[in-house]
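S.K.: Quick one: the structure is below, questions incoming.
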Amino acid sequence: MATIYIDNTPFEVPTGKNLLETCLTLGQDLPYFCWHPAMGSIGACRQCAVKVYKDENDTKGKLFMSCMEQVRDGMRISIADPEAKEFRAHIIGWLMTNHPHDCAVCDEGGSCHLQDMTVMTGHNYRSYSFQKRTYKNQYLGPFLNHEMNRCIQCYRCVRYYKDYAGGKDLDVFAAHNNLYFGRVEDGVLESEFSGNLAEVCPTGVFTDNTLKQHYTRKWDLTMAPSVCHHCSLGCNTTAGERYGTLRNITNRYNGEVNGYFLCDRGRFGYEHVNSISRIRKSLVRSNLPEATDKYTALQAAAQAMRQGRVIGIGSARASLESNYMLKTLVGEDNFHHGVSDAEHDLTELSLKILKESSARTPSMQEVEKADAVFILGEDLTNTAPMLALAVRQAVRQEPILEQVSKANIPVWQDAAVRELVQHDNGPLFIATPTTTKLDELATQTYFADPDSIARLGFAVANIIYPESPGVRGLKNDDMHLAQQIADALMKAKNPVVISGTSTGSEAILKAAANITNALVAKEKTAGIVLTSPTSNSMGLAMLGGHRLQSAFEAIENGYADTAIILENDLYRQAGEGAVTNFLKSCKKVIVLDYLHNQTTEHADVLLATGAFSEADGTLINNEGRAQRFYQIYPTTEDIQESWRWLGELGTIVAHDQISWWHGYDDILGAIVKEYPEMKGIEMVTPPSDFRIAGQKIPRAPHRFSGRTAMRANINVSEPKPAEDPDSPLSYTMEGYCGQPPSAMIPFFWAPGWNSNQSVNKYQEEVGGHLKGGDPGIRLIEPDPEHKVSFSVAVPEKFEPMDGHLFILPLHHIFGSEELSNQSPPIQERIPEPYIAINADDALRMKLDEGQLMPFAIDGQLYQLPVKLSTTIASGTAGLPVGLPGVPFAELPAWAILNRELQWKPQHQTTY
């Protein structure tokens with residue numbers, strides 16, 4: 001620790017930090033532009049100037065840029081010094097020389113860092129009165145709007161896009177004093193993290209184009225804390241609503257999970273909430289085409305339950321509470337996971353590995369600190385995008401530790417660090433069926449079929465710890481690679497092994513577990529990260545339940561005749577023929593959902609449920625972290641949470657066990673009582689009766705306007721605001737104005753800080769944890785007493801089959817996930833269906849790029865255009881998962897080729 005003096009006031013601060021970060025941590029208001037806590041310092045804008053003195057006798061001092069100055073014991077500085085203030089005012093004046101006077105129409109207005117800093121420096125009038133420099137704006141795709149004239153040349157955009165996120169198609173172009181930040185030509189930004197430019201940019205150069213379609217100022221949005229539903233990582237978000245329409249998603253800082261950023265699917269996939277496919281009214285088939293009121297729908301569902309033998313089918317995209325209520329309603333023996341049987345088994349295996357492993361699952365922010373990474377089977381950019389972004393930061397750790405620390409350069413000196421390190425990366429090994437976007441960073445890539453990938457993993461574990469089972473018949477090249485990976489993991493201080501369910505291979509998961517167990521057996525600190533298919537896959541697995549196929553068999557064999565389906569399109573979980581036969585065999589089908597789909601078309605009773613923006617619930621992410629999402633705005637009485645529908649339904653059919661549950665807190669208490677391993681979820685957020693100074697926490701900022709006018713079509717007098725019985729949040733701007741508990745922060749705002757940069761006022765230290773701790777509670781931790789064990793299920797070598805191809809699942813960040821597919825901006829980025837095959841196989845089959853290839857999987861016929869691949873293994877092929885126009889197939893699976901092709905693959909023994 002060091003003692004520094006700011007305007008003669010002493011402070012105890014950590015050494016090694018830069019002075020700007022330290023001042024902000026201490027609550028000082030010091031303007032800045034180019035600096036960002038996730039990206040460090042480059043000293044480009046000169047806005048953060050302070051006066052630094054030699055000692056207490058120095059009265060003159062010198063101006064220093066605080067973001068470039070390291071804290072040292074005894075340092076004396078002044079923020080309020082007149083010369084420093086005048087310098088900062090001049091800087092903002094120069095930066096504003098060519099900035100347009102368009103705050104009133106700028107999409108960033110009211111949440112603009114430039115506005116905040118301009119006011120903070122006291123800059124009121126511009127001395128420049130001549131013609132301004134202007135630029136032509138570019139089309140950058142459906143996600144972002146570009147207004148280059150607002151640029152102040154802080155370089156944040158290219159530093160984030162190129163250096164941090166690894167993008168290639170956005171840069172700075174300069175001649176003399178003309179700087180242009182954009183693409184070489186108009187076109188869609190290729191990075192899957194481009195949407196963060198809207199928050200990284202301190203002005204209105206890059207803004208959310210989806211918000212522009214239904215624009216609302218930040219202070220007129222009703223907001224609440226939420227959790228992304230588009231993958232298993234559980235990124236924290238803030239969702240904003242106006243007039244009953246979800247308007248935007250922004251990042252909600254969590255120092256353990258997503259930090260300052262989101263992927264584009266998480267940021268722009270929200271439009272499914274506003275989709276024309278939304279179910280706004282409950283329906284009873286006997287009353288069609290008229291909609292049904294809530295009471296009639298409940299009575300119809302209750303009657304179907306009384307007259308039938310009922311099973312329940314849950315959902316990995318529904319909340320923990322909704323799945324639990326359904327399981328309680330139908331009984332443990334009648335509750336089925338609404339996922340494919342392969343997904344069910346893989347998620348169960350993942351949960352078992354995490355529970356029994358002696359290695360801890362690191363958070364995403366901890367993954368960024370890993371100094372060696374081995375990825376088995378996962379294309380992270382497409383299955384868990386923010387984890388891929390974390391790996392991009394992790395590859396810098398070894399060069400920083402080895403080179404930067406020796407050169408005595410602070411890690412936050414970004415320009416100096418990157419100049420020293422250049423293109424050096426730490427050890428990153430990737431073994432996948434085909435190319436990924438992280439391959440450019442990899443020390444070594446290994447493209448093979450899932451069994452060969454698993455065999456490589458088992459070999460690595462055996463080299464690290466010989467008591468782990470070995471692999472017979474491994475090629476010399478593969479053994480050499482296994483030795484290289486094992487050496488890198490053993491040398492590292494903080495190695496991480498990443499795998500998941502996306503290849504559909506149990507062997508790969510077991511191999512990943514063996515590697516981390518081998519490292520632990522050698523007394524190494526190691527981490528294992530396993531991705532899951534859907535936002536609440538882990539929560540559903542922790543609840544327990546039967547396979548989907550057993551639900552089909554229960555109806556087929558007459559053990560049940562009525563099904564309740566919870567937020568689930570079964571046509572995405574099983575073959576079309578099997579699902580159709582199941583639904584038609586049911587005497588009654590009760591569906592709870594918020595989007596029309598193939599399954600809802602078969603419903604006898606359809607109950608209109610709230611989407612994530614209209615519901616309260618808990619999700620458990622891939623690491624076992626339970627997190628709460630809140631209802632953002634009140635809905636009509638026709639729409640309510642699935643768990644509320646099920647609770648009311650249970651009360652009607654006289655299920656005493658749930659008839660006394662009157663609200664959200666009661667359900668949480670019941671879950672904890674029945675599932676001791678979930679103890680802690682009741683403390684993820686404060687209970688519904690929590691108050692601060694007797695007040696609730698407002699969802700709307702204190703500047704919120706137009707409340708009376710919003711309801712003028714109902715009554716010219718202002719009606720009583722809606723009340724929320726399930727949380728300490730209010731639907732108004734009235735309530736406690738201070739900082740709430742971290743899990744309940746509806747928006748970030750502080751006096752003088754209207755933009756997202758205000759998050760520094762909520763952190764214990766800038767870039768660190770939120771005050772009071774980051775949201776969420778981990779339910780799974782390694783057992784140090786558990787004896788290290790190893791799987792012996794080493795797969796045999798893959799052998800191609802005559803007249804067949806082994807079809808592997810391929811995932812796309814835009815297109816494979818169900819909910820975001822309903823968002824128009826995302827739809828513009830979804831690729832056309834295809835089948836990816838080995839280029840040599842295509843040559844032997846006499847197939848060209850784009851030519852249609854017929855094949856069949858489990859009786860389902862396909863005919864898709866060919867995409868040639870030089871990396872996918874011969875005898876295998878890749879089929880995109882979830883894309884519109886691609887029927888469901890439980891992959892991996894053997895495909896029967898059209899016999900007319902007369903193709904015989906070359907015999908292949910190993911990879």
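In the structure tokens, chains take the letters A, B, ... in the order shown, each chain's residues start at 1, and ligands count up from 1 in the order shown.
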Can you pull out every residue from segment 268-369 of chain A that DSSP, working from the backbone, puts in alpha helix (DSSP H), and format the result as number ranges by chain?

M.R.: A: 268, 294-306, 320-330, 341-356, 364-367

S.K.: Store the residues picked out above, limited to C-alpha atoms, as a PDB file, in the first residue's frame.

M.R.:
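The resulting file, part_0.pdb, is shown below:
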```pdb
ATOM      1  CA  PHE A 268     -29.405  -7.785 -30.252  1.00  0.00           C
ATOM      2  CA  LYS A 294     -57.411 -16.136 -18.099  1.00  0.00           C
ATOM      3  CA  TYR A 295     -60.130 -17.799 -15.984  1.00  0.00           C
ATOM      4  CA  THR A 296     -61.524 -19.842 -18.893  1.00  0.00           C
ATOM      5  CA  ALA A 297     -58.064 -21.003 -19.945  1.00  0.00           C
ATOM      6  CA  LEU A 298     -57.226 -22.109 -16.410  1.00  0.00           C
ATOM      7  CA  GLN A 299     -60.475 -24.007 -16.063  1.00  0.00           C
ATOM      8  CA  ALA A 300     -59.929 -25.739 -19.402  1.00  0.00           C
ATOM      9  CA  ALA A 301     -56.405 -26.776 -18.390  1.00  0.00           C
ATOM     10  CA  ALA A 302     -57.592 -27.938 -14.961  1.00  0.00           C
ATOM     11  CA  GLN A 303     -60.379 -29.995 -16.496  1.00  0.00           C
ATOM     12  CA  ALA A 304     -57.898 -31.694 -18.840  1.00  0.00           C
ATOM     13  CA  MET A 305     -55.723 -32.566 -15.855  1.00  0.00           C
ATOM     14  CA  ARG A 306     -58.593 -33.960 -13.807  1.00  0.00           C
ATOM     15  CA  LEU A 320     -35.651 -22.897 -12.403  1.00  0.00           C
ATOM     16  CA  GLU A 321     -38.875 -21.905 -10.633  1.00  0.00           C
ATOM     17  CA  SER A 322     -41.088 -22.776 -13.611  1.00  0.00           C
ATOM     18  CA  ASN A 323     -39.480 -26.182 -14.083  1.00  0.00           C
ATOM     19  CA  TYR A 324     -39.752 -26.902 -10.363  1.00  0.00           C
ATOM     20  CA  MET A 325     -43.439 -25.937 -10.296  1.00  0.00           C
ATOM     21  CA  LEU A 326     -44.163 -28.232 -13.227  1.00  0.00           C
ATOM     22  CA  LYS A 327     -42.277 -31.092 -11.605  1.00  0.00           C
ATOM     23  CA  THR A 328     -44.189 -30.587  -8.365  1.00  0.00           C
ATOM     24  CA  LEU A 329     -47.507 -30.350 -10.205  1.00  0.00           C
ATOM     25  CA  VAL A 330     -47.145 -33.606 -12.175  1.00  0.00           C
ATOM     26  CA  ASP A 341     -31.860 -37.589 -25.193  1.00  0.00           C
ATOM     27  CA  ALA A 342     -28.262 -36.901 -26.246  1.00  0.00           C
ATOM     28  CA  GLU A 343     -28.392 -33.422 -24.710  1.00  0.00           C
ATOM     29  CA  HIS A 344     -29.931 -34.869 -21.547  1.00  0.00           C
ATOM     30  CA  ASP A 345     -27.115 -37.393 -21.136  1.00  0.00           C
ATOM     31  CA  LEU A 346     -24.352 -34.918 -21.947  1.00  0.00           C
ATOM     32  CA  THR A 347     -25.627 -32.289 -19.512  1.00  0.00           C
ATOM     33  CA  GLU A 348     -26.033 -34.919 -16.792  1.00  0.00           C
ATOM     34  CA  LEU A 349     -22.450 -36.001 -17.437  1.00  0.00           C
ATOM     35  CA  SER A 350     -21.214 -32.393 -17.292  1.00  0.00           C
ATOM     36  CA  LEU A 351     -22.942 -31.886 -13.950  1.00  0.00           C
ATOM     37  CA  LYS A 352     -21.436 -35.123 -12.619  1.00  0.00           C
ATOM     38  CA  ILE A 353     -17.947 -34.059 -13.727  1.00  0.00           C
ATOM     39  CA  LEU A 354     -18.235 -30.637 -12.082  1.00  0.00           C
ATOM     40  CA  LYS A 355     -19.525 -32.138  -8.845  1.00  0.00           C
ATOM     41  CA  GLU A 356     -16.886 -34.850  -8.638  1.00  0.00           C
ATOM     42  CA  MET A 364     -15.008 -16.036 -17.276  1.00  0.00           C
ATOM     43  CA  GLN A 365     -12.993 -13.275 -15.667  1.00  0.00           C
ATOM     44  CA  GLU A 366     -10.715 -15.929 -14.148  1.00  0.00           C
ATOM     45  CA  VAL A 367     -10.331 -17.579 -17.558  1.00  0.00           C
TER      46      VAL A 367
END
```

S.K.: Name the residues of segment 485-515 of chain A that come out as strand (DSSP E or B) in a backbone DSSP run; write them as JSON, numbers by chain.

M.R.: {"A": [495, 496, 497, 498, 499, 500]}

S.K.: Store the residues picked out above in a file with C-alpha atoms, as a PDB file, in the first residue's frame.

M.R.:
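Contents of out_18.pdb, freshly written:
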```
ATOM      1  CA  PRO A 495      -3.946 -23.801 -16.800  1.00  0.00           C
ATOM      2  CA  VAL A 496      -7.553 -24.142 -17.953  1.00  0.00           C
ATOM      3  CA  VAL A 497      -9.177 -26.958 -19.935  1.00  0.00           C
ATOM      4  CA  ILE A 498     -12.332 -26.012 -21.860  1.00  0.00           C
ATOM      5  CA  SER A 499     -14.844 -28.402 -23.359  1.00  0.00           C
ATOM      6  CA  GLY A 500     -18.598 -28.811 -23.628  1.00  0.00           C
TER       7      GLY A 500
END
```

S.K.: Any idea what the distance is between atom CA of Ile565 of chain A and atom CA of Val589 of chain A?

M.R.: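 So the answer is 7.5 Å.
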
S.K.: Please determine, counting only C-alpha atoms, which residue among A:Tyr664, A:Phe888, A:Tyr5, A:Tyr53 has the shortest atom-to-atom distance to Ala578 of chain A.

M.R.: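 Closest to Ala578 of chain A, using only C-alpha atoms: A:Phe888.
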
S.K.: I'd like the neighbourhood of Ala224 of chain A as a ChimeraX atom specification, where a residue qualifies if any of its atoms comes within 10 Å (using only C-alpha atoms), though same-chain residues fewer than 3 positions away should be ignored.

M.R.: /A:221,237-241,252,613,629-633,698-700,729-731,744-747

S.K.: Please measure the separation of atom CA of Asn382 of chain A and atom CA of Glu576 of chain A, giving the value in Å to one decimal.

M.R.: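 Calculated distance between atom CA of Asn382 of chain A and atom CA of Glu576 of chain A is 25.3 Å.
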
S.K.: Grab the atom CA of Glu368 of chain A to atom CA of Ala388 of chain A distance for me, in Å with one decimal place.

M.R.: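 Interatomic distance here is 9.8 Å.
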
S.K.: Which one is closest to Ala608 of chain A: A:Arg156, A:Lys771, A:Lys281, A:Lys491? Count only C-alpha atoms.

M.R.: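 The closest residue to Ala608 of chain A is A:Lys281.
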
S.K.: With distances taken over only C-alpha atoms, which residue among A:Met490, A:Ile697, A:Leu95, A:Leu456 lies nearest Thr732 of chain A?

M.R.: A:Ile697

S.K.: Taking 3 positions as the minimum chain separation for residues in the same chain, which residues sit within 12 Å of Ile249 of chain A when counting only C-alpha atoms? Answer as a PDB file with C-alpha atoms, in the first residue's frame.

M.R.:
```pdb
ATOM      1  CA  GLY A 195     -22.162  -4.220 -30.610  1.00  0.00           C
ATOM      2  CA  ASN A 196     -19.870  -3.286 -27.730  1.00  0.00           C
ATOM      3  CA  ALA A 198     -21.980   1.357 -28.883  1.00  0.00           C
ATOM      4  CA  GLU A 199     -20.873   1.331 -25.235  1.00  0.00           C
ATOM      5  CA  ASP A 208     -27.411   0.760 -31.282  1.00  0.00           C
ATOM      6  CA  ASN A 209     -29.271   0.541 -34.573  1.00  0.00           C
ATOM      7  CA  THR A 210     -32.005  -1.652 -33.081  1.00  0.00           C
ATOM      8  CA  LEU A 211     -32.756   1.039 -30.493  1.00  0.00           C
ATOM      9  CA  LYS A 218     -32.186   6.456 -21.393  1.00  0.00           C
ATOM     10  CA  LEU A 221     -36.697   3.709 -20.115  1.00  0.00           C
ATOM     11  CA  THR A 222     -38.022   1.414 -17.435  1.00  0.00           C
ATOM     12  CA  MET A 223     -35.097  -0.876 -16.606  1.00  0.00           C
ATOM     13  CA  ALA A 224     -34.327  -3.892 -14.474  1.00  0.00           C
ATOM     14  CA  PRO A 225     -31.440  -6.312 -13.939  1.00  0.00           C
ATOM     15  CA  SER A 226     -31.588  -9.351 -16.174  1.00  0.00           C
ATOM     16  CA  VAL A 227     -29.587 -12.339 -17.386  1.00  0.00           C
ATOM     17  CA  CYS A 228     -28.962 -13.228 -21.022  1.00  0.00           C
ATOM     18  CA  HIS A 229     -31.023 -16.230 -22.185  1.00  0.00           C
ATOM     19  CA  CYS A 235     -23.996 -12.771 -18.917  1.00  0.00           C
ATOM     20  CA  ASN A 236     -25.602  -9.962 -16.927  1.00  0.00           C
ATOM     21  CA  THR A 237     -27.704  -7.451 -18.846  1.00  0.00           C
ATOM     22  CA  THR A 238     -29.854  -4.406 -18.329  1.00  0.00           C
ATOM     23  CA  ALA A 239     -33.073  -4.405 -20.338  1.00  0.00           C
ATOM     24  CA  GLY A 240     -34.967  -1.210 -21.118  1.00  0.00           C
ATOM     25  CA  GLU A 241     -38.695  -0.849 -21.911  1.00  0.00           C
ATOM     26  CA  LEU A 246     -38.535  -3.862 -25.102  1.00  0.00           C
ATOM     27  CA  ARG A 252     -24.745  -4.909 -16.759  1.00  0.00           C
ATOM     28  CA  PHE A 261     -18.970  -6.561 -22.600  1.00  0.00           C
ATOM     29  CA  LEU A 262     -21.639  -8.684 -24.327  1.00  0.00           C
ATOM     30  CA  CYS A 263     -21.705 -10.673 -27.550  1.00  0.00           C
ATOM     31  CA  ASP A 264     -23.898  -9.498 -30.417  1.00  0.00           C
ATOM     32  CA  ARG A 265     -26.392 -12.344 -29.991  1.00  0.00           C
ATOM     33  CA  GLY A 266     -26.921 -11.377 -26.367  1.00  0.00           C
ATOM     34  CA  ARG A 267     -27.187  -7.670 -27.164  1.00  0.00           C
ATOM     35  CA  PHE A 268     -29.405  -7.785 -30.252  1.00  0.00           C
ATOM     36  CA  GLY A 269     -31.354 -11.039 -29.878  1.00  0.00           C
ATOM     37  CA  TYR A 270     -33.968  -9.407 -27.625  1.00  0.00           C
ATOM     38  CA  GLU A 271     -36.404  -8.555 -30.438  1.00  0.00           C
ATOM     39  CA  VAL A 273     -39.940 -10.296 -27.166  1.00  0.00           C
ATOM     40  CA  SER A 613     -38.578  -9.298 -19.818  1.00  0.00           C
ATOM     41  CA  ILE A 632     -38.869  -5.273 -16.363  1.00  0.00           C
ATOM     42  CA  PHE A 747     -29.316   0.951 -14.169  1.00  0.00           C
TER      43      PHE A 747
END
```

S.K.: Please list as number ranges by chain every residue within 9 Å of Val794 of chain A, counting only C-alpha atoms and excluding residues in the same chain fewer than 6 positions away.

M.R.: A: 451, 454-455, 458, 469-471, 507, 510-511

S.K.: Generate a file of the selected residues that holds N, CA, C and O atoms, formatted as a PDB file, in the first residue's frame.

M.R.:
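Output (part32.pdb):
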```pdb
ATOM      1  N   ASP A 451     -14.033 -38.761 -31.815  1.00  0.00           N
ATOM      2  CA  ASP A 451     -13.311 -39.846 -31.149  1.00  0.00           C
ATOM      3  C   ASP A 451     -11.806 -39.587 -31.148  1.00  0.00           C
ATOM      4  O   ASP A 451     -11.122 -39.851 -30.144  1.00  0.00           O
ATOM      5  N   ALA A 454     -11.049 -36.950 -28.555  1.00  0.00           N
ATOM      6  CA  ALA A 454     -11.077 -37.540 -27.215  1.00  0.00           C
ATOM      7  C   ALA A 454      -9.816 -38.357 -26.963  1.00  0.00           C
ATOM      8  O   ALA A 454      -9.228 -38.308 -25.871  1.00  0.00           O
ATOM      9  N   ARG A 455      -9.367 -39.123 -27.957  1.00  0.00           N
ATOM     10  CA  ARG A 455      -8.162 -39.932 -27.801  1.00  0.00           C
ATOM     11  C   ARG A 455      -6.942 -39.045 -27.518  1.00  0.00           C
ATOM     12  O   ARG A 455      -6.089 -39.387 -26.698  1.00  0.00           O
ATOM     13  N   PHE A 458      -7.243 -37.996 -23.866  1.00  0.00           N
ATOM     14  CA  PHE A 458      -6.858 -39.084 -22.966  1.00  0.00           C
ATOM     15  C   PHE A 458      -5.339 -39.260 -22.947  1.00  0.00           C
ATOM     16  O   PHE A 458      -4.741 -39.555 -21.902  1.00  0.00           O
ATOM     17  N   PRO A 469      -5.620 -43.689 -17.804  1.00  0.00           N
ATOM     18  CA  PRO A 469      -5.529 -44.704 -18.874  1.00  0.00           C
ATOM     19  C   PRO A 469      -4.838 -44.177 -20.122  1.00  0.00           C
ATOM     20  O   PRO A 469      -5.015 -43.028 -20.514  1.00  0.00           O
ATOM     21  N   GLY A 470      -4.032 -45.038 -20.738  1.00  0.00           N
ATOM     22  CA  GLY A 470      -3.332 -44.676 -21.961  1.00  0.00           C
ATOM     23  C   GLY A 470      -4.177 -44.931 -23.195  1.00  0.00           C
ATOM     24  O   GLY A 470      -5.306 -45.416 -23.128  1.00  0.00           O
ATOM     25  N   VAL A 471      -3.597 -44.586 -24.355  1.00  0.00           N
ATOM     26  CA  VAL A 471      -4.302 -44.707 -25.631  1.00  0.00           C
ATOM     27  C   VAL A 471      -3.476 -45.593 -26.548  1.00  0.00           C
ATOM     28  O   VAL A 471      -2.289 -45.307 -26.804  1.00  0.00           O
ATOM     29  N   ALA A 507     -17.199 -38.892 -24.801  1.00  0.00           N
ATOM     30  CA  ALA A 507     -15.781 -39.216 -24.679  1.00  0.00           C
ATOM     31  C   ALA A 507     -14.943 -37.955 -24.535  1.00  0.00           C
ATOM     32  O   ALA A 507     -13.961 -37.930 -23.780  1.00  0.00           O
ATOM     33  N   LYS A 510     -15.260 -36.661 -20.978  1.00  0.00           N
ATOM     34  CA  LYS A 510     -14.491 -37.507 -20.055  1.00  0.00           C
ATOM     35  C   LYS A 510     -12.994 -37.267 -20.206  1.00  0.00           C
ATOM     36  O   LYS A 510     -12.247 -37.290 -19.220  1.00  0.00           O
ATOM     37  N   ALA A 511     -12.555 -37.024 -21.437  1.00  0.00           N
ATOM     38  CA  ALA A 511     -11.140 -36.741 -21.660  1.00  0.00           C
ATOM     39  C   ALA A 511     -10.744 -35.425 -20.998  1.00  0.00           C
ATOM     40  O   ALA A 511      -9.671 -35.328 -20.377  1.00  0.00           O
TER      41      ALA A 511
END
```

S.K.: Tell me, as a PDB file with N, CA and C atoms, in the first residue's frame, which residues lie within 7 Å of segment 806-816 of chain A, counting only C-alpha atoms; anything in the same chain fewer than 4 positions away does not count.

M.R.:
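Listed below is the output, around.pdb:
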```
ATOM      1  N   ARG A 265     -25.149 -11.577 -30.147  1.00  0.00           N
ATOM      2  CA  ARG A 265     -26.392 -12.344 -29.991  1.00  0.00           C
ATOM      3  C   ARG A 265     -27.097 -11.947 -28.704  1.00  0.00           C
ATOM      4  N   ASN A 382     -18.989 -19.588 -31.472  1.00  0.00           N
ATOM      5  CA  ASN A 382     -20.364 -19.863 -31.883  1.00  0.00           C
ATOM      6  C   ASN A 382     -21.208 -20.521 -30.801  1.00  0.00           C
ATOM      7  N   THR A 383     -20.589 -21.130 -29.794  1.00  0.00           N
ATOM      8  CA  THR A 383     -21.382 -21.797 -28.755  1.00  0.00           C
ATOM      9  C   THR A 383     -21.384 -21.029 -27.437  1.00  0.00           C
ATOM     10  N   THR A 503     -20.246 -30.980 -29.427  1.00  0.00           N
ATOM     11  CA  THR A 503     -19.920 -32.035 -30.387  1.00  0.00           C
ATOM     12  C   THR A 503     -20.787 -33.264 -30.202  1.00  0.00           C
ATOM     13  N   ASN A 821     -33.304 -16.223 -33.072  1.00  0.00           N
ATOM     14  CA  ASN A 821     -33.730 -16.414 -34.460  1.00  0.00           C
ATOM     15  C   ASN A 821     -34.949 -15.577 -34.817  1.00  0.00           C
ATOM     16  N   ILE A 826     -30.877 -10.138 -36.147  1.00  0.00           N
ATOM     17  CA  ILE A 826     -30.154 -11.409 -36.139  1.00  0.00           C
ATOM     18  C   ILE A 826     -30.475 -12.205 -37.394  1.00  0.00           C
ATOM     19  N   ARG A 829     -28.281 -11.982 -40.301  1.00  0.00           N
ATOM     20  CA  ARG A 829     -26.942 -12.563 -40.210  1.00  0.00           C
ATOM     21  C   ARG A 829     -26.955 -14.092 -40.222  1.00  0.00           C
ATOM     22  N   ILE A 830     -28.128 -14.694 -40.298  1.00  0.00           N
ATOM     23  CA  ILE A 830     -28.210 -16.161 -40.281  1.00  0.00           C
ATOM     24  C   ILE A 830     -27.775 -16.714 -41.630  1.00  0.00           C
ATOM     25  N   GLY A 875     -14.752 -38.816 -44.279  1.00  0.00           N
ATOM     26  CA  GLY A 875     -15.726 -39.756 -43.736  1.00  0.00           C
ATOM     27  C   GLY A 875     -16.721 -39.107 -42.799  1.00  0.00           C
ATOM     28  N   THR A 876     -16.503 -37.829 -42.493  1.00  0.00           N
ATOM     29  CA  THR A 876     -17.444 -37.081 -41.660  1.00  0.00           C
ATOM     30  C   THR A 876     -17.969 -35.896 -42.444  1.00  0.00           C
ATOM     31  N   ALA A 877     -19.016 -35.273 -41.916  1.00  0.00           N
ATOM     32  CA  ALA A 877     -19.571 -34.060 -42.511  1.00  0.00           C
ATOM     33  C   ALA A 877     -20.172 -33.226 -41.391  1.00  0.00           C
ATOM     34  N   GLY A 878     -20.375 -31.956 -41.656  1.00  0.00           N
ATOM     35  CA  GLY A 878     -20.916 -31.055 -40.644  1.00  0.00           C
ATOM     36  C   GLY A 878     -22.271 -30.518 -41.045  1.00  0.00           C
ATOM     37  N   LEU A 879     -23.254 -30.625 -40.138  1.00  0.00           N
ATOM     38  CA  LEU A 879     -24.602 -30.134 -40.390  1.00  0.00           C
ATOM     39  C   LEU A 879     -24.922 -29.017 -39.398  1.00  0.00           C
ATOM     40  N   PRO A 880     -25.294 -27.822 -39.878  1.00  0.00           N
ATOM     41  CA  PRO A 880     -25.629 -26.725 -38.957  1.00  0.00           C
ATOM     42  C   PRO A 880     -26.818 -27.083 -38.076  1.00  0.00           C
ATOM     43  N   VAL A 881     -26.715 -26.743 -36.807  1.00  0.00           N
ATOM     44  CA  VAL A 881     -27.757 -27.042 -35.837  1.00  0.00           C
ATOM     45  C   VAL A 881     -28.691 -25.849 -35.707  1.00  0.00           C
ATOM     46  N   GLY A 882     -30.003 -26.106 -35.785  1.00  0.00           N
ATOM     47  CA  GLY A 882     -30.988 -25.088 -35.465  1.00  0.00           C
ATOM     48  C   GLY A 882     -31.299 -24.077 -36.537  1.00  0.00           C
ATOM     49  N   LEU A 883     -30.587 -24.089 -37.655  1.00  0.00           N
ATOM     50  CA  LEU A 883     -30.855 -23.088 -38.688  1.00  0.00           C
ATOM     51  C   LEU A 883     -32.254 -23.283 -39.261  1.00  0.00           C
ATOM     52  N   LEU A 891     -27.555 -35.399 -33.325  1.00  0.00           N
ATOM     53  CA  LEU A 891     -26.198 -35.557 -33.815  1.00  0.00           C
ATOM     54  C   LEU A 891     -25.232 -35.719 -32.655  1.00  0.00           C
ATOM     55  N   PRO A 892     -24.101 -36.405 -32.932  1.00  0.00           N
ATOM     56  CA  PRO A 892     -23.666 -36.969 -34.216  1.00  0.00           C
ATOM     57  C   PRO A 892     -24.418 -38.248 -34.565  1.00  0.00           C
ATOM     58  N   ALA A 893     -24.497 -38.504 -35.854  1.00  0.00           N
ATOM     59  CA  ALA A 893     -25.228 -39.686 -36.318  1.00  0.00           C
ATOM     60  C   ALA A 893     -24.742 -40.044 -37.716  1.00  0.00           C
ATOM     61  N   TRP A 894     -24.927 -41.303 -38.079  1.00  0.00           N
ATOM     62  CA  TRP A 894     -24.562 -41.742 -39.426  1.00  0.00           C
ATOM     63  C   TRP A 894     -25.649 -41.348 -40.414  1.00  0.00           C
ATOM     64  N   ALA A 895     -25.233 -40.809 -41.526  1.00  0.00           N
ATOM     65  CA  ALA A 895     -26.161 -40.455 -42.607  1.00  0.00           C
ATOM     66  C   ALA A 895     -25.992 -41.447 -43.744  1.00  0.00           C
TER      67      ALA A 895
END
```

S.K.: Nearest residue to Lys761 of chain A out of A:Leu24, A:Val421, A:Leu649, A:Val200, using only C-alpha atoms?

M.R.: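 That would be A:Leu24, the residue with the smallest distance to Lys761 of chain A.
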
S.K.: Within 10 Å of Val866 of chain A, counting only C-alpha atoms, which residues show up once you throw out same-chain ones fewer than 6 positions away? Write them as a list in words, please.

M.R.: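 Near neighbours after the sequence-gap exclusion: Pro833, Tyr834, Ile835, Ala836, Ile837, Asn838, Ala839, Ala842, Leu847, Asp848, Glu849, Gly850, Gln851, Leu852, Met853, Pro854 and Ala877 of chain A.
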
S.K.: Return the single residue from A:Thr25, A:Ser315, A:Asn557, A:Thr651 that is closest to Tyr762 of chain A, with distances computed using only C-alpha atoms.

M.R.: A:Thr25
